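Data file: target23.txt. Format and content: compact mmCIF, C-alpha atoms and all ligand atoms.
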# COMPACT_ATOMS: atom_id res chain seq x y z
CA MET A 1 130.45 150.33 -9.89
CA LYS A 2 133.83 150.90 -11.55
CA ALA A 3 135.41 152.27 -8.36
CA GLU A 4 133.86 149.46 -6.30
CA ILE A 5 135.13 146.72 -8.62
CA LEU A 6 138.56 148.33 -8.58
CA SER A 7 138.46 148.53 -4.81
CA LEU A 8 137.49 144.84 -4.54
CA LEU A 9 140.26 143.79 -6.91
CA ARG A 10 142.74 145.91 -4.98
CA ARG A 11 141.79 144.31 -1.66
CA THR A 12 141.83 140.70 -2.93
CA ASP A 13 145.02 138.80 -3.75
CA ASP A 14 143.14 135.91 -5.31
CA TYR A 15 140.77 135.83 -8.30
CA ILE A 16 137.25 137.21 -7.97
CA SER A 17 134.79 135.32 -10.10
CA GLY A 18 132.64 137.08 -12.68
CA GLU A 19 129.61 135.47 -11.07
CA GLU A 20 130.41 136.98 -7.68
CA LEU A 21 130.77 140.42 -9.23
CA CYS A 22 127.45 140.01 -11.09
CA LYS A 23 125.69 139.01 -7.88
CA ARG A 24 127.24 141.75 -5.80
CA PHE A 25 126.28 144.54 -8.19
CA GLY A 26 123.13 142.95 -9.60
CA VAL A 27 124.34 143.27 -13.20
CA THR A 28 125.01 140.97 -16.17
CA ARG A 29 128.32 139.36 -17.05
CA ALA A 30 128.52 141.64 -20.07
CA ALA A 31 128.25 144.70 -17.82
CA VAL A 32 131.06 143.42 -15.59
CA TRP A 33 133.23 142.65 -18.61
CA LYS A 34 132.67 146.17 -19.94
CA VAL A 35 133.98 147.66 -16.69
CA ILE A 36 136.98 145.29 -16.68
CA LYS A 37 137.80 146.21 -20.29
CA GLY A 38 137.55 149.91 -19.44
CA LEU A 39 139.96 149.48 -16.53
CA GLN A 40 142.38 147.52 -18.72
CA GLN A 41 142.28 150.32 -21.28
CA GLU A 42 143.19 152.82 -18.57
CA GLY A 43 146.30 150.75 -17.90
CA TYR A 44 145.26 148.50 -14.98
CA GLY A 45 146.79 145.05 -15.41
CA ILE A 46 143.80 142.73 -14.87
CA GLU A 47 144.19 139.08 -15.65
CA ALA A 48 141.00 137.35 -16.82
CA ALA A 49 141.18 133.55 -16.37
CA THR A 50 138.47 131.15 -17.47
CA LYS A 51 136.57 129.59 -14.58
CA ARG A 52 138.59 131.55 -12.02
CA GLY A 53 137.66 135.17 -12.71
CA TYR A 54 139.61 138.40 -12.49
CA ARG A 55 142.80 139.34 -10.66
CA LEU A 56 144.68 142.63 -10.41
CA ILE A 57 148.30 142.08 -11.35
CA SER A 58 149.67 145.58 -11.93
CA LEU A 59 148.70 149.13 -11.11
CA PRO A 60 149.36 152.12 -13.34
CA ASP A 61 149.87 155.64 -11.97
CA VAL A 62 146.30 156.71 -12.68
CA PHE A 63 144.78 159.85 -11.17
CA SER A 64 141.02 159.71 -11.53
CA ALA A 65 137.84 159.77 -9.45
CA GLU A 66 137.58 155.96 -9.57
CA GLU A 67 141.21 155.43 -8.60
CA LEU A 68 140.80 157.76 -5.61
CA GLU A 69 137.42 156.34 -4.55
CA SER A 70 138.74 152.80 -4.72
CA ARG A 71 141.62 153.72 -2.41
CA MET A 72 139.84 155.65 0.34
CA SER A 73 139.65 153.71 3.58
CA THR A 74 138.77 156.59 5.88
CA GLU A 75 135.48 156.89 7.74
CA TRP A 76 134.54 160.39 6.57
CA ALA A 77 137.47 162.37 5.19
CA GLY A 78 137.35 162.17 1.41
CA ARG A 79 134.50 159.66 1.28
CA ASN A 80 132.38 162.06 -0.75
CA LEU A 81 134.66 162.90 -3.66
CA VAL A 82 134.18 165.49 -6.39
CA PHE A 83 136.75 165.31 -9.18
CA TYR A 84 137.34 167.88 -11.92
CA GLU A 85 139.61 167.48 -14.93
CA SER A 86 139.86 171.26 -14.86
CA THR A 87 138.37 173.90 -12.59
CA GLY A 88 139.14 177.48 -11.56
CA SER A 89 140.02 176.68 -7.95
CA THR A 90 139.12 173.70 -5.77
CA ASN A 91 138.64 176.12 -2.83
CA ILE A 92 136.01 178.05 -4.78
CA GLN A 93 134.27 174.83 -5.87
CA ALA A 94 134.31 173.51 -2.31
CA LYS A 95 132.66 176.71 -1.05
CA LEU A 96 129.96 176.46 -3.72
CA LEU A 97 129.36 172.80 -2.89
CA ALA A 98 129.19 173.66 0.83
CA GLU A 99 126.45 176.18 0.13
CA GLU A 100 124.57 173.57 -1.91
CA GLY A 101 124.61 171.23 1.10
CA ALA A 102 127.67 169.01 0.48
CA PRO A 103 128.54 167.06 3.65
CA SER A 104 131.49 167.69 5.91
CA GLY A 105 134.46 165.65 4.69
CA THR A 106 133.74 166.30 1.01
CA LEU A 107 136.99 166.25 -0.94
CA VAL A 108 137.28 168.37 -4.07
CA VAL A 109 140.14 167.36 -6.35
CA ALA A 110 141.32 168.78 -9.66
CA GLU A 111 143.75 167.56 -12.28
CA GLN A 112 144.27 171.20 -13.24
CA GLN A 113 143.29 174.61 -11.85
CA THR A 114 142.98 177.62 -14.11
CA GLN A 115 142.82 180.12 -11.23
CA GLY A 116 144.73 178.42 -8.44
CA ARG A 117 144.98 180.74 -5.46
CA GLY A 118 147.75 181.08 -2.92
CA ARG A 119 147.96 182.95 0.35
CA ARG A 120 148.16 186.74 0.52
CA GLY A 121 146.40 187.10 -2.84
CA ARG A 122 149.11 185.26 -4.77
CA THR A 123 148.39 182.80 -7.57
CA TRP A 124 149.22 179.10 -7.35
CA ALA A 125 150.54 177.57 -10.56
CA SER A 126 148.38 174.52 -11.24
CA PRO A 127 149.30 172.78 -14.51
CA ALA A 128 147.68 169.45 -15.47
CA GLY A 129 149.37 166.13 -14.82
CA ALA A 130 152.00 167.54 -12.50
CA ASN A 131 150.77 168.07 -8.98
CA LEU A 132 148.10 167.57 -6.36
CA TYR A 133 145.39 170.22 -5.93
CA PHE A 134 142.61 169.48 -3.48
CA THR A 135 140.30 171.04 -0.91
CA LEU A 136 138.73 169.37 2.09
CA LEU A 137 135.40 170.78 3.22
CA LEU A 138 134.56 170.75 6.92
CA LYS A 139 131.44 171.87 8.74
CA PRO A 140 132.60 171.83 12.34
CA ASP A 141 130.51 172.94 15.29
CA PHE A 142 133.21 174.68 17.29
CA GLU A 143 133.85 178.44 17.61
CA PRO A 144 135.40 180.30 14.67
CA ASP A 145 138.52 181.28 16.66
CA LYS A 146 139.60 177.62 16.72
CA ALA A 147 139.56 177.21 12.96
CA SER A 148 143.02 178.64 12.25
CA MET A 149 144.51 175.59 13.99
CA LEU A 150 143.03 173.32 11.30
CA THR A 151 145.69 174.57 8.90
CA LEU A 152 148.36 173.21 11.22
CA VAL A 153 146.50 169.90 11.53
CA MET A 154 146.52 169.61 7.74
CA ALA A 155 150.22 170.59 7.54
CA LEU A 156 151.04 167.77 9.95
CA ALA A 157 148.94 165.28 7.95
CA VAL A 158 150.67 166.25 4.70
CA GLN A 159 154.11 166.13 6.33
CA SER A 160 153.45 162.62 7.70
CA ALA A 161 152.02 161.37 4.40
CA VAL A 162 154.85 162.79 2.29
CA THR A 163 157.46 161.29 4.64
CA GLU A 164 155.77 157.88 4.45
CA VAL A 165 154.98 157.76 0.73
CA CYS A 166 158.24 159.28 -0.52
CA GLY A 167 160.46 157.60 2.07
CA MET A 168 162.22 160.88 2.84
CA GLN A 169 161.93 163.31 5.71
CA ALA A 170 159.53 166.16 5.09
CA GLU A 171 159.39 169.02 7.58
CA ILE A 172 157.03 171.87 8.44
CA LYS A 173 157.91 175.54 8.19
CA TRP A 174 155.64 177.28 10.66
CA PRO A 175 152.75 177.56 10.38
CA ASN A 176 151.80 175.46 7.36
CA ASP A 177 154.34 175.06 4.58
CA VAL A 178 155.70 171.57 4.09
CA VAL A 179 159.36 171.61 3.07
CA ILE A 180 161.96 169.12 1.93
CA ASN A 181 165.65 170.01 2.15
CA GLY A 182 164.62 173.55 3.07
CA LYS A 183 162.47 174.06 -0.04
CA LYS A 184 158.70 174.38 -0.18
CA VAL A 185 156.68 171.45 -1.59
CA THR A 186 153.24 172.26 -0.22
CA GLY A 187 151.10 175.31 0.38
CA ILE A 188 147.81 175.42 2.31
CA LEU A 189 145.07 178.01 1.99
CA THR A 190 142.30 177.78 4.59
CA GLU A 191 139.16 179.87 4.23
CA MET A 192 136.15 180.06 6.49
CA SER A 193 132.57 181.24 6.22
CA VAL A 194 131.05 182.43 9.49
CA GLN A 195 127.53 183.48 10.38
CA GLY A 196 127.16 185.18 13.73
CA GLU A 197 129.12 183.06 16.19
CA TYR A 198 128.95 179.91 14.12
CA ILE A 199 131.14 178.41 11.44
CA GLN A 200 129.16 177.62 8.31
CA HIS A 201 132.08 175.88 6.68
CA VAL A 202 135.85 175.77 6.49
CA VAL A 203 137.69 174.83 3.31
CA ILE A 204 141.29 173.67 3.55
CA GLY A 205 142.95 173.89 0.14
CA VAL A 206 146.23 172.09 -0.42
CA GLY A 207 148.66 172.21 -3.32
CA VAL A 208 151.51 169.69 -3.37
CA ASN A 209 154.27 169.94 -5.96
CA VAL A 210 154.62 166.31 -7.00
CA LYS A 211 156.11 166.05 -10.48
CA VAL A 212 156.83 169.61 -11.60
CA GLN A 213 160.48 170.09 -12.55
CA GLU A 214 160.71 173.77 -13.40
CA PHE A 215 159.73 176.84 -11.41
CA VAL A 216 159.34 180.51 -12.24
CA PRO A 217 162.54 182.48 -11.51
CA GLU A 218 161.12 183.96 -8.25
CA LEU A 219 160.65 180.45 -6.83
CA GLU A 220 163.95 178.96 -8.07
CA GLY A 221 165.84 177.64 -5.04
CA LYS A 222 162.81 178.19 -2.77
CA ALA A 223 160.35 175.62 -4.15
CA THR A 224 160.78 172.02 -5.19
CA SER A 225 158.74 168.91 -5.96
CA LEU A 226 158.60 165.45 -4.43
CA GLU A 227 159.95 163.77 -7.57
CA GLN A 228 162.73 166.34 -7.92
CA GLU A 229 163.90 165.67 -4.36
CA SER A 230 163.35 161.91 -4.19
CA GLY A 231 164.41 161.08 -7.74
CA ARG A 232 161.62 158.55 -7.96
CA GLN A 233 158.04 158.39 -9.24
CA VAL A 234 155.41 159.46 -6.73
CA SER A 235 151.77 158.40 -7.09
CA ARG A 236 149.45 161.34 -6.48
CA ALA A 237 146.59 158.99 -5.65
CA ALA A 238 148.63 157.08 -3.04
CA LEU A 239 149.71 160.37 -1.50
CA LEU A 240 146.19 161.78 -1.28
CA GLU A 241 144.91 158.52 0.21
CA LYS A 242 147.54 158.77 2.98
CA ILE A 243 146.90 162.49 3.58
CA MET A 244 143.21 161.75 4.20
CA GLU A 245 144.09 158.91 6.59
CA TYR A 246 146.47 161.06 8.61
CA PHE A 247 144.13 164.04 8.59
CA GLU A 248 141.19 162.03 9.88
CA ALA A 249 143.27 160.59 12.73
CA ASP A 250 144.87 163.94 13.63
CA TYR A 251 141.53 165.77 13.42
CA ALA A 252 140.08 163.36 15.99
CA LEU A 253 142.90 164.29 18.38
CA PHE A 254 142.35 168.00 17.70
CA VAL A 255 138.61 167.80 18.33
CA LYS A 256 139.11 165.95 21.66
CA LYS A 257 140.64 169.05 23.26
CA LEU A 258 139.82 171.70 20.67
CA ASN A 259 143.47 172.63 20.68
CA LEU A 260 146.75 171.16 19.48
CA SER A 261 147.91 169.73 22.82
CA LEU A 262 147.70 166.12 21.57
CA LEU A 263 149.46 166.97 18.30
CA MET A 264 152.08 169.43 19.55
CA GLU A 265 154.76 166.86 20.10
CA ALA A 266 154.51 165.42 16.59
CA TYR A 267 154.21 168.90 15.06
CA ASN A 268 157.25 170.25 16.92
CA ALA A 269 159.28 167.17 16.00
CA ALA A 270 158.60 167.97 12.34
CA LEU A 271 159.10 171.73 12.71
CA VAL A 272 162.12 172.86 10.70
CA ASN A 273 162.28 176.14 12.66
CA CYS A 274 162.54 174.42 16.05
CA GLY A 275 165.71 175.45 17.88
CA ARG A 276 166.69 177.78 15.02
CA GLU A 277 167.18 181.52 14.86
CA VAL A 278 164.17 183.10 13.08
CA ARG A 279 163.24 186.55 11.85
CA VAL A 280 159.66 187.50 12.72
CA LEU A 281 158.22 189.91 10.16
CA ASP A 282 155.73 191.57 12.49
CA PRO A 283 154.09 194.67 10.96
CA ALA A 284 154.51 196.30 14.39
CA GLY A 285 158.29 195.75 14.24
CA GLU A 286 160.61 193.04 12.96
CA TYR A 287 162.64 191.04 15.48
CA THR A 288 164.76 187.90 15.70
CA GLY A 289 164.88 185.14 18.26
CA LEU A 290 165.23 181.44 18.88
CA ALA A 291 162.14 179.40 17.85
CA GLN A 292 161.08 177.01 20.63
CA GLY A 293 158.15 175.29 18.93
CA ILE A 294 154.40 175.80 18.97
CA ASN A 295 152.12 175.94 21.98
CA GLU A 296 148.69 174.31 22.17
CA LYS A 297 147.10 177.21 20.26
CA GLY A 298 149.52 176.81 17.39
CA GLU A 299 151.41 180.01 18.19
CA LEU A 300 155.16 179.92 17.59
CA CYS A 301 157.09 180.60 20.79
CA VAL A 302 160.20 182.67 20.13
CA LYS A 303 162.81 183.58 22.75
CA THR A 304 164.33 186.98 22.04
CA ALA A 305 167.89 188.07 22.97
CA ASP A 306 166.61 189.79 26.14
CA GLY A 307 165.23 186.45 27.36
CA LYS A 308 161.57 187.28 26.74
CA LEU A 309 159.25 184.64 25.31
CA LYS A 310 157.09 186.00 22.49
CA LYS A 311 154.10 184.13 21.11
CA VAL A 312 153.70 184.61 17.37
CA TYR A 313 150.17 184.24 16.01
CA ALA A 314 150.07 183.25 12.32
CA GLY A 315 147.65 185.85 10.85
CA GLU A 316 149.60 188.49 9.00
CA VAL A 317 152.97 187.69 10.57
CA SER A 318 155.58 185.76 8.58
CA VAL A 319 158.57 183.95 9.94
CA ARG A 320 161.80 183.43 8.01
CA GLY A 321 165.11 181.82 8.77
CA VAL A 322 167.76 184.42 9.55
CA TYR A 323 169.63 183.46 6.36
CA GLY A 324 166.72 182.62 4.09
CA TYR A 325 163.34 180.94 3.71
CA VAL A 326 163.72 178.44 6.61
C1 LIG A 401 150.18 179.09 -0.40
O1 LIG A 401 150.21 180.20 -0.95
O2 LIG A 401 151.17 178.63 0.15
C2 LIG A 401 148.89 178.31 -0.40
C3 LIG A 401 148.65 177.62 -1.71
C4 LIG A 401 147.38 176.79 -1.73
C5 LIG A 401 147.10 176.17 -3.08
C6 LIG A 401 145.95 175.22 -3.06
S1 LIG A 401 145.84 174.27 -4.54
C7 LIG A 401 144.28 173.68 -4.06
C8 LIG A 401 143.55 174.84 -3.43
N1 LIG A 401 142.87 175.60 -4.46
C9 LIG A 401 143.38 176.83 -4.58
O3 LIG A 401 142.98 177.68 -5.39
N2 LIG A 401 144.36 177.00 -3.70
C10 LIG A 401 144.57 175.83 -2.89
Using structure tokens, write down the structure from this file.
Amino acid sequence: MKAEILSLLRRTDDYISGEELCKRFGVTRAAVWKVIKGLQQEGYGIEAATKRGYRLISLPDVFSAEELESRMSTEWAGRNLVFYESTGSTNIQAKLLAEEGAPSGTLVVAEQQTQGRGRRGRTWASPAGANLYFTLLLKPDFEPDKASMLTLVMALAVQSAVTEVCGMQAEIKWPNDVVINGKKVTGILTEMSVQGEYIQHVVIGVGVNVKVQEFVPELEGKATSLEQESGRQVSRAALLEKIMEYFEADYALFVKKLNLSLLMEAYNAALVNCGREVRVLDPAGEYTGLAQGINEKGELCVKTADGKLKKVYAGEVSVRGVYGYV
């Protein structure tokens, strides 16, 4: 009821009477007042006027299950929300929930992760109060070989949301890092469970550096946060709300063709590597070339000095700028 009252207050400019709230939720005035008092204690500015009711006049930067639930306007992405103050890893929790029957679109969010995991077996620093850590669970009915493209769909959703919420241009470093001013702000770790020829579930885990100001020496100059770059406060809840909106819309375009043909243009427009010289760290042999953008499978097309067009498949291959990370 708390999230629903908050959602109603958020969507109404005028007062909502206590009586209307009582009727809507089938509870007493005292029960409504208790919820309002709780919200006020969390920092929500709610004006209570005799005979008129309640009105939301200011919003704090709260990051909680209720705040997120009251914001979600998507059809399915993030509508079933599981929030942890602290958990090992949202990817691991999402996989457990998937096995227990959680629906596709379940969003697992944590204020803190004690065993945040990055790609290639790395750890992902996940202190409380600083960043966004979440995993979206999907149970798609397409073939497993299509699933790697979902990471690119999520990268595009995060890039669009960051650009909109922070009012500054975020870009994508192929295949799925989101960068600002050439430094990484987001990492994505997608994991899949397959049985026979069918996907049981896919979990897309996303970490966004929002408020963090200091990085370990190895990441100095390579990683940054949204607040560090924009110099202004960024609401994690507003950002996650937008990411879910963009993801749901982009996913619909992906599913229509089961490839990235309808998203390629937007993705390539955001691709920091596009038209740049890149170094492809292929285990079979490193080479350089001019990045042309992705194709509909999400492969990076690179033109080498001898004029050949190579298609780079994400997997174990990394791409770097010739002079550094991008
Ligand atoms: C990378 O190495 O770039 C990927 C980092 C992914 C981190 C996120 S945080 C939420 C989710 N839970 C995890 O344990 N990892 C992902």
### Query
Taking all atoms listed in the file into account, which residues are within 6 Å of ligand LIG 401 (chain A), as a ChimeraX atom specification?
/A:89-91,116-119,124,133-135,187-189,205-207
### Query
What is the distance, in Å and to one decimal place, between CA of Val216 (chain A) and CA of Ala130 (chain A)?
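Spanning CA of Val216 (chain A) to CA of Ala130 (chain A) is a straight-line distance of 14.9 Å.
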### Task
Take the point (133.4, 175.9, -2.2) in the file's coordinates, draw a sphere of radius 12 Å around it, and report as a PyMOL selection string every protein, DNA or RNA residue with an atom inside or on it, counting all atoms listed in the file.
chain A and resi 82+87-104+106-109+134-139+190-193+200-205
Would you export the selected residues with C-alpha atoms as a PDB file, keeping the file's coordinate frame, please?
ATOM      1  CA  VAL A  82     134.180 165.490  -6.390  1.00  0.00           C
ATOM      2  CA  THR A  87     138.370 173.900 -12.590  1.00  0.00           C
ATOM      3  CA  GLY A  88     139.140 177.480 -11.560  1.00  0.00           C
ATOM      4  CA  SER A  89     140.020 176.680  -7.950  1.00  0.00           C
ATOM      5  CA  THR A  90     139.120 173.700  -5.770  1.00  0.00           C
ATOM      6  CA  ASN A  91     138.640 176.120  -2.830  1.00  0.00           C
ATOM      7  CA  ILE A  92     136.010 178.050  -4.780  1.00  0.00           C
ATOM      8  CA  GLN A  93     134.270 174.830  -5.870  1.00  0.00           C
ATOM      9  CA  ALA A  94     134.310 173.510  -2.310  1.00  0.00           C
ATOM     10  CA  LYS A  95     132.660 176.710  -1.050  1.00  0.00           C
ATOM     11  CA  LEU A  96     129.960 176.460  -3.720  1.00  0.00           C
ATOM     12  CA  LEU A  97     129.360 172.800  -2.890  1.00  0.00           C
ATOM     13  CA  ALA A  98     129.190 173.660   0.830  1.00  0.00           C
ATOM     14  CA  GLU A  99     126.450 176.180   0.130  1.00  0.00           C
ATOM     15  CA  GLU A 100     124.570 173.570  -1.910  1.00  0.00           C
ATOM     16  CA  GLY A 101     124.610 171.230   1.100  1.00  0.00           C
ATOM     17  CA  ALA A 102     127.670 169.010   0.480  1.00  0.00           C
ATOM     18  CA  PRO A 103     128.540 167.060   3.650  1.00  0.00           C
ATOM     19  CA  SER A 104     131.490 167.690   5.910  1.00  0.00           C
ATOM     20  CA  THR A 106     133.740 166.300   1.010  1.00  0.00           C
ATOM     21  CA  LEU A 107     136.990 166.250  -0.940  1.00  0.00           C
ATOM     22  CA  VAL A 108     137.280 168.370  -4.070  1.00  0.00           C
ATOM     23  CA  VAL A 109     140.140 167.360  -6.350  1.00  0.00           C
ATOM     24  CA  PHE A 134     142.610 169.480  -3.480  1.00  0.00           C
ATOM     25  CA  THR A 135     140.300 171.040  -0.910  1.00  0.00           C
ATOM     26  CA  LEU A 136     138.730 169.370   2.090  1.00  0.00           C
ATOM     27  CA  LEU A 137     135.400 170.780   3.220  1.00  0.00           C
ATOM     28  CA  LEU A 138     134.560 170.750   6.920  1.00  0.00           C
ATOM     29  CA  LYS A 139     131.440 171.870   8.740  1.00  0.00           C
ATOM     30  CA  THR A 190     142.300 177.780   4.590  1.00  0.00           C
ATOM     31  CA  GLU A 191     139.160 179.870   4.230  1.00  0.00           C
ATOM     32  CA  MET A 192     136.150 180.060   6.490  1.00  0.00           C
ATOM     33  CA  SER A 193     132.570 181.240   6.220  1.00  0.00           C
ATOM     34  CA  GLN A 200     129.160 177.620   8.310  1.00  0.00           C
ATOM     35  CA  HIS A 201     132.080 175.880   6.680  1.00  0.00           C
ATOM     36  CA  VAL A 202     135.850 175.770   6.490  1.00  0.00           C
ATOM     37  CA  VAL A 203     137.690 174.830   3.310  1.00  0.00           C
ATOM     38  CA  ILE A 204     141.290 173.670   3.550  1.00  0.00           C
ATOM     39  CA  GLY A 205     142.950 173.890   0.140  1.00  0.00           C
TER      40      GLY A 205
END
### Query
Of the candidates A:Gly275, A:Gly196, A:Gly167, A:Pro175, which one gets nearest to Leu150 (chain A) if we count all atoms listed in the file?
A:Pro175
### Task
Can you pull out every residue within 12 Å of region 234-238 of chain A, counting only C-alpha atoms, but drop anything in the same chain fewer than 3 positions away, and send it as a PyMOL selection string?
chain A and resi 59-73+109-111+129-134+161-168+207-212+225-231+241-245
Give me a file of those residues, with C-alpha atoms, as a PDB file, in the coordinates of the input.
ATOM      1  CA  LEU A  59     148.700 149.130 -11.110  1.00  0.00           C
ATOM      2  CA  PRO A  60     149.360 152.120 -13.340  1.00  0.00           C
ATOM      3  CA  ASP A  61     149.870 155.640 -11.970  1.00  0.00           C
ATOM      4  CA  VAL A  62     146.300 156.710 -12.680  1.00  0.00           C
ATOM      5  CA  PHE A  63     144.780 159.850 -11.170  1.00  0.00           C
ATOM      6  CA  SER A  64     141.020 159.710 -11.530  1.00  0.00           C
ATOM      7  CA  ALA A  65     137.840 159.770  -9.450  1.00  0.00           C
ATOM      8  CA  GLU A  66     137.580 155.960  -9.570  1.00  0.00           C
ATOM      9  CA  GLU A  67     141.210 155.430  -8.600  1.00  0.00           C
ATOM     10  CA  LEU A  68     140.800 157.760  -5.610  1.00  0.00           C
ATOM     11  CA  GLU A  69     137.420 156.340  -4.550  1.00  0.00           C
ATOM     12  CA  SER A  70     138.740 152.800  -4.720  1.00  0.00           C
ATOM     13  CA  ARG A  71     141.620 153.720  -2.410  1.00  0.00           C
ATOM     14  CA  MET A  72     139.840 155.650   0.340  1.00  0.00           C
ATOM     15  CA  SER A  73     139.650 153.710   3.580  1.00  0.00           C
ATOM     16  CA  VAL A 109     140.140 167.360  -6.350  1.00  0.00           C
ATOM     17  CA  ALA A 110     141.320 168.780  -9.660  1.00  0.00           C
ATOM     18  CA  GLU A 111     143.750 167.560 -12.280  1.00  0.00           C
ATOM     19  CA  GLY A 129     149.370 166.130 -14.820  1.00  0.00           C
ATOM     20  CA  ALA A 130     152.000 167.540 -12.500  1.00  0.00           C
ATOM     21  CA  ASN A 131     150.770 168.070  -8.980  1.00  0.00           C
ATOM     22  CA  LEU A 132     148.100 167.570  -6.360  1.00  0.00           C
ATOM     23  CA  TYR A 133     145.390 170.220  -5.930  1.00  0.00           C
ATOM     24  CA  PHE A 134     142.610 169.480  -3.480  1.00  0.00           C
ATOM     25  CA  ALA A 161     152.020 161.370   4.400  1.00  0.00           C
ATOM     26  CA  VAL A 162     154.850 162.790   2.290  1.00  0.00           C
ATOM     27  CA  THR A 163     157.460 161.290   4.640  1.00  0.00           C
ATOM     28  CA  GLU A 164     155.770 157.880   4.450  1.00  0.00           C
ATOM     29  CA  VAL A 165     154.980 157.760   0.730  1.00  0.00           C
ATOM     30  CA  CYS A 166     158.240 159.280  -0.520  1.00  0.00           C
ATOM     31  CA  GLY A 167     160.460 157.600   2.070  1.00  0.00           C
ATOM     32  CA  MET A 168     162.220 160.880   2.840  1.00  0.00           C
ATOM     33  CA  GLY A 207     148.660 172.210  -3.320  1.00  0.00           C
ATOM     34  CA  VAL A 208     151.510 169.690  -3.370  1.00  0.00           C
ATOM     35  CA  ASN A 209     154.270 169.940  -5.960  1.00  0.00           C
ATOM     36  CA  VAL A 210     154.620 166.310  -7.000  1.00  0.00           C
ATOM     37  CA  LYS A 211     156.110 166.050 -10.480  1.00  0.00           C
ATOM     38  CA  VAL A 212     156.830 169.610 -11.600  1.00  0.00           C
ATOM     39  CA  SER A 225     158.740 168.910  -5.960  1.00  0.00           C
ATOM     40  CA  LEU A 226     158.600 165.450  -4.430  1.00  0.00           C
ATOM     41  CA  GLU A 227     159.950 163.770  -7.570  1.00  0.00           C
ATOM     42  CA  GLN A 228     162.730 166.340  -7.920  1.00  0.00           C
ATOM     43  CA  GLU A 229     163.900 165.670  -4.360  1.00  0.00           C
ATOM     44  CA  SER A 230     163.350 161.910  -4.190  1.00  0.00           C
ATOM     45  CA  GLY A 231     164.410 161.080  -7.740  1.00  0.00           C
ATOM     46  CA  GLU A 241     144.910 158.520   0.210  1.00  0.00           C
ATOM     47  CA  LYS A 242     147.540 158.770   2.980  1.00  0.00           C
ATOM     48  CA  ILE A 243     146.900 162.490   3.580  1.00  0.00           C
ATOM     49  CA  MET A 244     143.210 161.750   4.200  1.00  0.00           C
ATOM     50  CA  GLU A 245     144.090 158.910   6.590  1.00  0.00           C
TER      51      GLU A 245
END
### Of the listed residues A:Ile16, A:Val32, A:Ser160, A:Gly26, that which approaches Lys2 (chain A) most closely, counting all atoms listed in the file
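Nearest to Lys2 (chain A): A:Val32.
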Counting only C-alpha atoms, note down every residue that has an atom within 10 Å of the point (154.0, 193.5, 14.4) (file coordinates), as a compact mmCIF listing (two decimals) with C-alpha atoms, keeping the file's coordinate frame.
# COMPACT_ATOMS: atom_id res chain seq x y z
CA VAL A 280 159.66 187.50 12.72
CA LEU A 281 158.22 189.91 10.16
CA ASP A 282 155.73 191.57 12.49
CA PRO A 283 154.09 194.67 10.96
CA ALA A 284 154.51 196.30 14.39
CA GLY A 285 158.29 195.75 14.24
CA GLU A 286 160.61 193.04 12.96
CA TYR A 287 162.64 191.04 15.48
CA VAL A 312 153.70 184.61 17.37
CA GLU A 316 149.60 188.49 9.00
CA VAL A 317 152.97 187.69 10.57
CA SER A 318 155.58 185.76 8.58
### Query
With distances taken over only C-alpha atoms, which of A:Pro127, A:Met154, A:Arg55, A:Gly43 is nearest to Leu8 (chain A)?
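Residue with the minimum atom-to-atom distance to Leu8 (chain A): A:Arg55.
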### Task
Compare A:Lys297, A:Lys184, A:Arg52, A:Lys308 by their minimum atom-to-atom distance to Ser148 (chain A), counting only C-alpha atoms, and give me the closest one.
A:Lys297
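CA of Leu271 (chain A) lies 12.9 Å from CA of Arg320 (chain A).
With distances restricted to only C-alpha atoms, A:Ala252 is the closest residue to Glu75 (chain A) from A:Ile199, A:Ala252, A:Leu290, A:Leu156.
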### Counting all atoms listed in the file, the option among A:Ala48, A:Ala147, A:Leu300, A:Leu56 closest to Met264 (chain A)
A:Leu300
#### Entry: CA of Ala157 (chain A) to CA of Tyr267 (chain A), straight-line distance in Å
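Those two atoms sit 9.6 Å apart.
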